[in-house]
>>> print(open('upload-v9.tsv').read())   # TSV, C-alpha atoms
chain	number	residue	atom	x	y	z
A	188	MET	CA	-14.35	18.35	-9.08
A	189	LEU	CA	-16.56	16.82	-11.78
A	190	GLU	CA	-19.16	19.46	-10.93
A	191	LEU	CA	-16.80	22.44	-10.77
A	192	LEU	CA	-14.76	21.89	-13.94
A	193	PRO	CA	-17.71	22.25	-16.35
A	194	ARG	CA	-19.34	24.99	-14.25
A	195	THR	CA	-16.20	27.15	-14.25
A	196	GLY	CA	-15.53	26.61	-17.95
A	197	VAL	CA	-12.28	24.69	-17.47
A	198	VAL	CA	-13.77	21.99	-19.70
A	199	ASP	CA	-16.52	22.37	-22.25
A	200	PRO	CA	-19.83	21.25	-20.66
A	201	ARG	CA	-20.94	20.03	-24.08
A	202	PHE	CA	-18.37	17.25	-23.79
A	203	LEU	CA	-18.27	16.82	-19.99
A	204	PRO	CA	-21.55	17.87	-18.34
A	205	PRO	CA	-21.62	18.66	-14.62
A	206	PHE	CA	-21.96	15.65	-12.36
A	207	SER	CA	-25.42	16.81	-11.23
A	208	GLU	CA	-26.68	16.50	-14.82
A	209	VAL	CA	-25.09	13.07	-15.21
A	210	PHE	CA	-26.67	11.94	-11.95
A	211	ALA	CA	-30.06	13.26	-13.03
A	212	ALA	CA	-29.74	11.40	-16.32
A	213	LEU	CA	-28.84	8.25	-14.40
A	214	VAL	CA	-31.95	8.58	-12.23
A	215	ASP	CA	-34.06	9.04	-15.35
A	216	ARG	CA	-32.52	5.92	-16.89
A	217	LEU	CA	-33.17	3.87	-13.79
A	218	ALA	CA	-36.86	4.70	-14.06
A	219	THR	CA	-37.20	3.24	-17.55
A	220	GLY	CA	-37.88	-0.37	-18.45
A	221	ASP	CA	-35.51	-0.18	-21.43
A	222	PHE	CA	-32.55	0.29	-19.12
A	223	TRP	CA	-33.34	-2.75	-16.99
A	224	SER	CA	-34.02	-4.84	-20.09
A	225	ALA	CA	-30.64	-3.80	-21.52
A	226	LEU	CA	-28.91	-4.50	-18.21
A	227	GLY	CA	-30.48	-7.96	-18.10
A	228	SER	CA	-29.31	-8.64	-21.66
A	229	THR	CA	-25.77	-7.58	-20.78
A	230	LEU	CA	-25.64	-9.78	-17.69
A	231	THR	CA	-27.14	-12.72	-19.58
A	232	THR	CA	-24.58	-12.48	-22.38
A	233	TRP	CA	-21.79	-12.11	-19.82
A	234	ALA	CA	-22.92	-15.12	-17.77
A	235	ILE	CA	-23.41	-17.42	-20.79
A	236	GLY	CA	-20.07	-16.48	-22.31
A	237	LEU	CA	-18.23	-16.83	-19.01
A	238	ALA	CA	-19.80	-20.23	-18.30
A	239	ALA	CA	-18.91	-21.53	-21.77
A	240	ALA	CA	-15.33	-20.26	-21.42
A	241	MET	CA	-14.94	-21.84	-17.98
A	242	VAL	CA	-16.22	-25.27	-18.99
A	243	SER	CA	-14.24	-25.44	-22.23
A	244	GLY	CA	-11.09	-23.96	-20.68
A	245	ILE	CA	-11.09	-26.41	-17.75
A	246	VAL	CA	-11.78	-29.48	-19.90
A	247	VAL	CA	-9.26	-28.60	-22.61
A	248	GLY	CA	-6.67	-27.49	-20.05
A	249	ILE	CA	-6.83	-30.74	-18.06
A	250	VAL	CA	-6.80	-32.93	-21.17
A	251	VAL	CA	-3.92	-31.07	-22.83
A	252	GLY	CA	-1.99	-30.62	-19.59
A	253	THR	CA	-2.08	-34.28	-18.58
A	254	VAL	CA	-0.84	-35.59	-21.95
A	255	PRO	CA	2.75	-34.39	-22.53
A	256	ALA	CA	2.69	-35.21	-26.24
A	257	LEU	CA	-0.52	-33.26	-26.69
A	258	ARG	CA	0.88	-30.34	-24.71
A	259	GLU	CA	3.93	-30.17	-26.97
A	260	ALA	CA	1.85	-30.54	-30.13
A	261	THR	CA	-0.51	-27.69	-29.20
A	262	ALA	CA	1.96	-25.30	-27.55
A	263	SER	CA	2.75	-23.36	-30.72
A	264	THR	CA	-0.92	-23.20	-31.72
A	265	ILE	CA	-1.93	-21.85	-28.32
A	266	GLU	CA	0.84	-19.24	-28.34
A	267	PHE	CA	-0.24	-18.17	-31.83
A	268	LEU	CA	-3.96	-17.87	-31.16
A	269	ARG	CA	-3.86	-16.46	-27.62
A	270	PRO	CA	-2.49	-12.97	-28.45
A	271	ILE	CA	-5.04	-12.34	-31.22
A	272	PRO	CA	-7.26	-9.48	-30.00
A	273	SER	CA	-10.90	-10.48	-29.75
A	274	VAL	CA	-12.01	-7.24	-31.40
A	275	ALA	CA	-10.23	-8.43	-34.55
A	276	LEU	CA	-12.91	-11.12	-34.77
A	277	ILE	CA	-15.75	-8.59	-34.95
A	278	PRO	CA	-16.03	-8.71	-38.77
A	279	LEU	CA	-16.15	-12.51	-38.64
A	280	ALA	CA	-18.70	-12.47	-35.83
A	281	VAL	CA	-20.96	-10.06	-37.72
A	282	LEU	CA	-20.59	-12.10	-40.89
A	283	LEU	CA	-21.59	-15.30	-39.10
A	284	TYR	CA	-24.25	-14.07	-36.70
A	285	GLY	CA	-25.20	-10.53	-37.68
A	286	THR	CA	-25.93	-8.29	-34.71
A	287	GLY	CA	-27.44	-11.02	-32.54
A	288	ARG	CA	-26.23	-12.13	-29.13
A	289	GLU	CA	-24.25	-14.97	-30.72
A	290	ALA	CA	-21.87	-12.46	-32.33
A	291	THR	CA	-20.95	-10.92	-28.99
A	292	LEU	CA	-20.78	-14.35	-27.37
A	293	LEU	CA	-18.13	-15.35	-29.90
A	294	LEU	CA	-15.94	-12.47	-28.72
A	295	VAL	CA	-16.62	-13.12	-25.05
A	296	VAL	CA	-15.90	-16.86	-25.18
A	297	TYR	CA	-12.79	-16.43	-27.30
A	298	ALA	CA	-11.23	-13.81	-25.02
A	299	SER	CA	-12.20	-15.52	-21.74
A	300	PHE	CA	-11.25	-19.02	-22.85
A	301	TRP	CA	-7.53	-18.21	-22.96
A	302	GLN	CA	-7.58	-16.73	-19.47
A	303	VAL	CA	-8.92	-20.01	-18.10
A	304	LEU	CA	-6.92	-22.35	-20.32
A	305	VAL	CA	-3.53	-20.86	-19.50
A	306	GLN	CA	-4.20	-20.95	-15.76
A	307	VAL	CA	-5.40	-24.56	-15.89
A	308	LEU	CA	-2.31	-25.58	-17.84
A	309	TYR	CA	-0.14	-23.98	-15.15
A	310	GLY	CA	-2.15	-25.75	-12.47
A	311	VAL	CA	-1.82	-29.17	-14.09
A	312	GLN	CA	1.90	-28.60	-14.59
A	313	ASP	CA	2.22	-27.80	-10.88
A	314	VAL	CA	0.94	-31.23	-9.78
A	315	ASP	CA	3.49	-33.07	-7.61
A	316	PRO	CA	5.16	-35.74	-9.79
A	317	VAL	CA	5.37	-38.08	-6.78
A	318	ALA	CA	1.62	-37.84	-6.22
A	319	ARG	CA	0.99	-38.42	-9.93
A	320	ASP	CA	3.28	-41.48	-10.02
A	321	THR	CA	1.71	-42.85	-6.84
A	322	ALA	CA	-1.76	-42.60	-8.37
A	323	ARG	CA	-0.56	-44.40	-11.47
A	324	SER	CA	1.13	-47.14	-9.43
A	325	TYR	CA	-2.15	-47.74	-7.62
A	326	ARG	CA	-3.80	-47.89	-11.04
A	327	PHE	CA	-6.20	-45.07	-10.41
A	328	SER	CA	-8.54	-44.46	-13.30
A	329	VAL	CA	-8.14	-41.29	-15.36
A	330	TRP	CA	-11.24	-39.80	-13.71
A	331	THR	CA	-9.97	-40.64	-10.21
A	332	GLN	CA	-6.58	-39.11	-10.95
A	333	ALA	CA	-8.22	-35.94	-12.26
A	334	ARG	CA	-10.53	-35.71	-9.23
A	335	THR	CA	-8.10	-36.59	-6.41
A	336	VAL	CA	-4.68	-35.54	-7.70
A	337	ILE	CA	-4.97	-32.94	-10.44
A	338	TRP	CA	-8.04	-30.97	-9.39
A	339	PRO	CA	-6.94	-30.03	-5.81
A	340	THR	CA	-3.66	-28.66	-7.15
A	341	ALA	CA	-5.19	-26.92	-10.14
A	342	LEU	CA	-8.13	-25.40	-8.24
A	343	PRO	CA	-6.33	-22.20	-7.13
A	344	TYR	CA	-5.27	-21.65	-10.74
A	345	VAL	CA	-8.82	-22.31	-11.95
A	346	VAL	CA	-10.20	-19.74	-9.52
A	347	THR	CA	-7.61	-17.21	-10.70
A	348	GLY	CA	-8.61	-17.94	-14.28
A	349	PHE	CA	-12.25	-17.43	-13.34
A	350	ARG	CA	-11.52	-14.06	-11.76
A	351	LEU	CA	-9.58	-12.88	-14.82
A	352	ALA	CA	-12.12	-14.30	-17.26
A	353	ALA	CA	-15.05	-12.66	-15.46
A	354	THR	CA	-13.55	-9.20	-15.97
A	355	VAL	CA	-12.52	-9.88	-19.56
A	356	ALA	CA	-15.96	-11.30	-20.34
A	357	LEU	CA	-17.66	-8.13	-19.08
A	358	ILE	CA	-15.34	-5.91	-21.11
A	359	LEU	CA	-15.97	-7.87	-24.31
A	360	THR	CA	-19.71	-8.01	-23.65
A	361	VAL	CA	-19.98	-4.23	-23.48
A	362	THR	CA	-17.55	-3.86	-26.41
A	363	GLY	CA	-19.62	-6.19	-28.57
A	364	GLU	CA	-22.82	-4.35	-27.71
A	365	LEU	CA	-21.16	-1.00	-28.39
A	366	ILE	CA	-19.61	-1.88	-31.76
A	367	ILE	CA	-21.79	-4.68	-33.12
A	368	GLY	CA	-25.09	-3.36	-31.78
A	369	THR	CA	-26.10	-6.39	-29.73
A	370	PRO	CA	-28.87	-5.40	-27.29
A	371	GLY	CA	-27.47	-4.33	-23.93
A	372	VAL	CA	-25.98	-1.43	-22.00
A	373	GLY	CA	-23.26	-0.98	-24.62
A	374	GLN	CA	-25.88	-0.46	-27.31
A	375	LEU	CA	-27.58	2.18	-25.13
A	376	ILE	CA	-24.23	3.99	-24.80
A	377	GLN	CA	-23.81	4.01	-28.57
A	378	VAL	CA	-27.34	5.30	-29.13
A	379	ALA	CA	-26.89	8.03	-26.50
A	380	GLN	CA	-23.60	9.11	-28.06
A	381	SER	CA	-24.95	9.22	-31.60
A	382	SER	CA	-28.04	11.16	-30.51
A	383	GLY	CA	-26.05	13.76	-28.58
A	384	ALA	CA	-27.36	12.76	-25.14
A	385	VAL	CA	-23.97	13.29	-23.51
A	386	ALA	CA	-25.17	13.26	-19.89
A	387	SER	CA	-27.06	10.03	-20.47
A	388	MET	CA	-24.00	8.54	-22.16
A	389	TYR	CA	-21.80	9.30	-19.15
A	390	ALA	CA	-24.48	7.90	-16.84
A	391	LEU	CA	-24.42	4.61	-18.74
A	392	VAL	CA	-20.62	4.57	-18.73
A	393	PHE	CA	-20.81	4.98	-14.96
A	394	VAL	CA	-23.13	1.96	-14.81
A	395	THR	CA	-20.63	-0.17	-16.74
A	396	GLY	CA	-17.87	0.91	-14.38
A	397	LEU	CA	-20.04	0.02	-11.40
A	398	LEU	CA	-20.72	-3.39	-12.96
A	399	GLY	CA	-16.98	-3.95	-13.25
A	400	VAL	CA	-16.46	-3.11	-9.58
A	401	ILE	CA	-19.28	-5.44	-8.52
A	402	VAL	CA	-17.93	-8.30	-10.65
A	403	ASN	CA	-14.45	-7.83	-9.22
A	404	LEU	CA	-15.68	-7.75	-5.62
A	405	ALA	CA	-17.93	-10.77	-6.17
A	406	THR	CA	-15.18	-12.86	-7.74
A	407	ARG	CA	-12.77	-11.88	-4.95
A	408	ALA	CA	-15.30	-12.94	-2.33
A	409	LEU	CA	-15.94	-16.22	-4.16
A	410	GLU	CA	-12.19	-16.83	-4.41
A	411	ARG	CA	-11.75	-16.37	-0.66
A	412	ARG	CA	-14.67	-18.67	0.05
A	413	ILE	CA	-13.56	-21.48	-2.27
A	414	LEU	CA	-9.89	-21.25	-1.29
A	415	ARG	CA	-10.33	-20.57	2.43
A	416	TRP	CA	-8.11	-23.62	3.07
A	417	HIS	CA	-5.31	-22.25	0.89
A	418	PRO	CA	-2.30	-20.69	2.70
A	419	SER	CA	-2.41	-17.50	0.62
A	420	VAL	CA	-6.04	-16.84	1.57
A	421	ARG	CA	-5.42	-17.64	5.24
A	422	ARG	CA	-2.48	-15.22	5.31
A	423	GLU	CA	-4.64	-12.54	3.71
A	424	ALA	CA	-7.38	-13.12	6.30
A	425	THR	CA	-5.01	-12.84	9.26
A	426	SER	CA	-3.11	-9.80	7.97
>>> encode(input="upload-v9.tsv", output="structure tokens")
Amino acid sequence: MLELLPRTGVVDPRFLPPFSEVFAALVDRLATGDFWSALGSTLTTWAIGLAAAMVSGIVVGIVVGTVPALREATASTIEFLRPIPSVALIPLAVLLYGTGREATLLLVVYASFWQVLVQVLYGVQDVDPVARDTARSYRFSVWTQARTVIWPTALPYVVTGFRLAATVALILTVTGELIIGTPGVGQLIQVAQSSGAVASMYALVFVTGLLGVIVNLATRALERRILRWHPSVRREATS
């Protein structure tokens, strides 16, 4: 279909080249060192931003979720900040960091952080009150309570937050590279578009889509491995 539509004139081949041309452009890209360098930059930015969002989201979520007064005090702030689109921070990111990796990392961490934080808050709230009171009656330390009572209950929520954050982080990484000009696959897409290399542009878009599929499959596999003891995963495995 992607080959026939441009060939038959249904769509203008200037805007949608035949798939054979896109594939040839992809092969040409794969043979260049610039492509692999850009891909490495994209994956590095994605991994750093995701790791920072995971650590900060888990720590803040557990601290805020376990202190009722703190949860109430921050609820309105969280609900105000969470819906702000990360792309709205692009002018601020460019002002602070220019077109460097730090600018895109600001977008990635901000967007991914909320995915993790909200899930961790739900997980902490789901802890059995009887188990929490029992731990307190035995005078468990805060660290012991977090490790033996809170963490096992919150872990499925944390993994869900990780899966959501991984996808969001990839989207914002490519977006930052595309708009800000941070080195990466997104920057190559922008350069190809501005120079009129339409087939090469579509080839790079295909690469970003393939990255998204790989990230989703990898996070799903990691989720099943970490939560193989969880009833939902066991039901999925037997169905």
>>> atom_distance(input="upload-v9.tsv", atom1="CA of Arg411 (chain A)", atom2="CA of Asp315 (chain A)")
23.7 Å
>>> residues_around(input="upload-v9.tsv", residues="region 210-223 of chain A", least_positions_apart="6", cutoff="8 Å", atoms="all atoms listed in the file", output="VMD selection string")
chain A and resid 372 386 to 387 390 to 391
>>> residues_around(input="upload-v9.tsv", residues="region 246-263 of chain A", least_positions_apart="3", cutoff="12 Å", atoms="all atoms listed in the file", output="VMD selection string")
chain A and resid 239 to 243 266 to 270 300 to 314 316 319 329 to 330 332 to 334 336 to 338 340 to 342 344 to 345 348
>>> closest_residue(input="upload-v9.tsv", among="A:Pro272, A:Gly287, A:Gly236, A:Gly244", to="Glu364 (chain A)", atoms="all atoms listed in the file")
A:Gly287
>>> residues_around(input="upload-v9.tsv", residues="Thr395 (chain A)", least_positions_apart="3", cutoff="9 Å", atoms="all atoms listed in the file", output="number ranges by chain")
A: 357-358, 361, 372-373, 390-392, 398-400
>>> closest_residue(input="upload-v9.tsv", among="A:Ser324, A:Leu191, A:Ser381, A:Val346", to="Leu203 (chain A)", atoms="only C-alpha atoms")
A:Leu191
>>> residues_around(input="upload-v9.tsv", residues="Leu294 (chain A)", least_positions_apart="4", cutoff="10 Å", atoms="all atoms listed in the file", output="number ranges by chain")
A: 236, 272-277, 279-280, 289-290, 298-300, 356, 359-360, 362-363
>>> atom_distance(input="upload-v9.tsv", atom1="CA of Tyr325 (chain A)", atom2="CA of Pro339 (chain A)")
18.4 Å
>>> atom_distance(input="upload-v9.tsv", atom1="CA of Pro204 (chain A)", atom2="CA of Gly383 (chain A)")
11.9 Å
>>> axis_aligned_box(input="upload-v9.tsv", around="region 299-317 of chain A", padding_each_side="4 Å", output="AutoDock Vina command-line options")
--center_x -3.4 --center_y -26.8 --center_z -14.9 --size_x 25.6 --size_y 30.6 --size_z 24.2
>>> closest_residue(input="upload-v9.tsv", among="A:Leu282, A:Val198, A:Ile367, A:Leu375", to="Ser224 (chain A)", atoms="all atoms listed in the file")
A:Leu375
>>> closest_residue(input="upload-v9.tsv", among="A:Arg323, A:Arg288, A:Arg201, A:Arg350", to="Gln380 (chain A)", atoms="only C-alpha atoms")
A:Arg201
>>> decode(input="upload-v9.tsv", residues="region 250-279 of chain A", atoms="N, CA and C atoms", output="PDB file, in the first residue's frame")
ATOM      1  N   VAL A 250       7.891   9.059  50.570  1.00  0.00           N
ATOM      2  CA  VAL A 250       7.928  10.035  51.672  1.00  0.00           C
ATOM      3  C   VAL A 250       6.586  10.745  51.806  1.00  0.00           C
ATOM      4  N   VAL A 251       6.065  11.250  50.698  1.00  0.00           N
ATOM      5  CA  VAL A 251       4.792  11.974  50.740  1.00  0.00           C
ATOM      6  C   VAL A 251       3.645  11.034  51.083  1.00  0.00           C
ATOM      7  N   GLY A 252       3.657   9.826  50.530  1.00  0.00           N
ATOM      8  CA  GLY A 252       2.555   8.901  50.756  1.00  0.00           C
ATOM      9  C   GLY A 252       2.469   8.367  52.159  1.00  0.00           C
ATOM     10  N   THR A 253       3.587   8.265  52.858  1.00  0.00           N
ATOM     11  CA  THR A 253       3.579   7.707  54.213  1.00  0.00           C
ATOM     12  C   THR A 253       3.306   8.748  55.288  1.00  0.00           C
ATOM     13  N   VAL A 254       3.303  10.015  54.939  1.00  0.00           N
ATOM     14  CA  VAL A 254       3.023  11.085  55.917  1.00  0.00           C
ATOM     15  C   VAL A 254       1.715  11.753  55.508  1.00  0.00           C
ATOM     16  N   PRO A 255       0.599  11.426  56.180  1.00  0.00           N
ATOM     17  CA  PRO A 255      -0.705  11.967  55.781  1.00  0.00           C
ATOM     18  C   PRO A 255      -0.736  13.486  55.708  1.00  0.00           C
ATOM     19  N   ALA A 256      -0.116  14.157  56.680  1.00  0.00           N
ATOM     20  CA  ALA A 256      -0.125  15.622  56.660  1.00  0.00           C
ATOM     21  C   ALA A 256       0.600  16.165  55.443  1.00  0.00           C
ATOM     22  N   LEU A 257       1.696  15.512  55.076  1.00  0.00           N
ATOM     23  CA  LEU A 257       2.443  15.943  53.901  1.00  0.00           C
ATOM     24  C   LEU A 257       1.666  15.665  52.628  1.00  0.00           C
ATOM     25  N   ARG A 258       0.960  14.556  52.611  1.00  0.00           N
ATOM     26  CA  ARG A 258       0.137  14.216  51.437  1.00  0.00           C
ATOM     27  C   ARG A 258      -0.952  15.269  51.229  1.00  0.00           C
ATOM     28  N   GLU A 259      -1.600  15.671  52.307  1.00  0.00           N
ATOM     29  CA  GLU A 259      -2.651  16.680  52.190  1.00  0.00           C
ATOM     30  C   GLU A 259      -2.081  18.038  51.799  1.00  0.00           C
ATOM     31  N   ALA A 260      -0.907  18.362  52.324  1.00  0.00           N
ATOM     32  CA  ALA A 260      -0.310  19.668  52.048  1.00  0.00           C
ATOM     33  C   ALA A 260       0.161  19.796  50.600  1.00  0.00           C
ATOM     34  N   THR A 261       0.550  18.675  49.994  1.00  0.00           N
ATOM     35  CA  THR A 261       1.088  18.722  48.634  1.00  0.00           C
ATOM     36  C   THR A 261       0.089  18.307  47.566  1.00  0.00           C
ATOM     37  N   ALA A 262      -1.102  17.874  47.962  1.00  0.00           N
ATOM     38  CA  ALA A 262      -2.069  17.360  46.985  1.00  0.00           C
ATOM     39  C   ALA A 262      -2.422  18.413  45.939  1.00  0.00           C
ATOM     40  N   SER A 263      -2.728  19.626  46.375  1.00  0.00           N
ATOM     41  CA  SER A 263      -3.112  20.671  45.428  1.00  0.00           C
ATOM     42  C   SER A 263      -1.948  21.064  44.527  1.00  0.00           C
ATOM     43  N   THR A 264      -0.733  21.088  45.076  1.00  0.00           N
ATOM     44  CA  THR A 264       0.438  21.428  44.272  1.00  0.00           C
ATOM     45  C   THR A 264       0.685  20.378  43.195  1.00  0.00           C
ATOM     46  N   ILE A 265       0.559  19.108  43.574  1.00  0.00           N
ATOM     47  CA  ILE A 265       0.758  18.032  42.601  1.00  0.00           C
ATOM     48  C   ILE A 265      -0.290  18.098  41.500  1.00  0.00           C
ATOM     49  N   GLU A 266      -1.539  18.316  41.872  1.00  0.00           N
ATOM     50  CA  GLU A 266      -2.611  18.371  40.874  1.00  0.00           C
ATOM     51  C   GLU A 266      -2.486  19.598  39.975  1.00  0.00           C
ATOM     52  N   PHE A 267      -1.812  20.648  40.472  1.00  0.00           N
ATOM     53  CA  PHE A 267      -1.604  21.834  39.640  1.00  0.00           C
ATOM     54  C   PHE A 267      -0.453  21.637  38.659  1.00  0.00           C
ATOM     55  N   LEU A 268       0.636  21.045  39.118  1.00  0.00           N
ATOM     56  CA  LEU A 268       1.824  20.919  38.292  1.00  0.00           C
ATOM     57  C   LEU A 268       1.739  19.759  37.300  1.00  0.00           C
ATOM     58  N   ARG A 269       1.067  18.682  37.695  1.00  0.00           N
ATOM     59  CA  ARG A 269       1.065  17.472  36.868  1.00  0.00           C
ATOM     60  C   ARG A 269       0.486  17.671  35.473  1.00  0.00           C
ATOM     61  N   PRO A 270      -0.603  18.446  35.290  1.00  0.00           N
ATOM     62  CA  PRO A 270      -1.158  18.563  33.926  1.00  0.00           C
ATOM     63  C   PRO A 270      -0.378  19.515  33.016  1.00  0.00           C
ATOM     64  N   ILE A 271       0.605  20.240  33.530  1.00  0.00           N
ATOM     65  CA  ILE A 271       1.334  21.183  32.683  1.00  0.00           C
ATOM     66  C   ILE A 271       2.104  20.411  31.608  1.00  0.00           C
ATOM     67  N   PRO A 272       1.851  20.683  30.342  1.00  0.00           N
ATOM     68  CA  PRO A 272       2.574  19.958  29.285  1.00  0.00           C
ATOM     69  C   PRO A 272       4.070  20.252  29.346  1.00  0.00           C
ATOM     70  N   SER A 273       4.864  19.222  29.163  1.00  0.00           N
ATOM     71  CA  SER A 273       6.311  19.413  29.225  1.00  0.00           C
ATOM     72  C   SER A 273       6.817  20.323  28.117  1.00  0.00           C
ATOM     73  N   VAL A 274       6.158  20.290  26.962  1.00  0.00           N
ATOM     74  CA  VAL A 274       6.608  21.135  25.850  1.00  0.00           C
ATOM     75  C   VAL A 274       6.473  22.618  26.194  1.00  0.00           C
ATOM     76  N   ALA A 275       5.609  22.942  27.162  1.00  0.00           N
ATOM     77  CA  ALA A 275       5.488  24.340  27.580  1.00  0.00           C
ATOM     78  C   ALA A 275       6.740  24.823  28.292  1.00  0.00           C
ATOM     79  N   LEU A 276       7.573  23.888  28.726  1.00  0.00           N
ATOM     80  CA  LEU A 276       8.812  24.247  29.414  1.00  0.00           C
ATOM     81  C   LEU A 276       9.982  24.431  28.452  1.00  0.00           C
ATOM     82  N   ILE A 277       9.746  24.247  27.157  1.00  0.00           N
ATOM     83  CA  ILE A 277      10.843  24.355  26.194  1.00  0.00           C
ATOM     84  C   ILE A 277      11.514  25.727  26.233  1.00  0.00           C
ATOM     85  N   PRO A 278      10.759  26.835  26.249  1.00  0.00           N
ATOM     86  CA  PRO A 278      11.449  28.138  26.337  1.00  0.00           C
ATOM     87  C   PRO A 278      12.315  28.258  27.591  1.00  0.00           C
ATOM     88  N   LEU A 279      11.822  27.762  28.725  1.00  0.00           N
ATOM     89  CA  LEU A 279      12.604  27.808  29.950  1.00  0.00           C
ATOM     90  C   LEU A 279      13.843  26.931  29.844  1.00  0.00           C
TER      91      LEU A 279
END
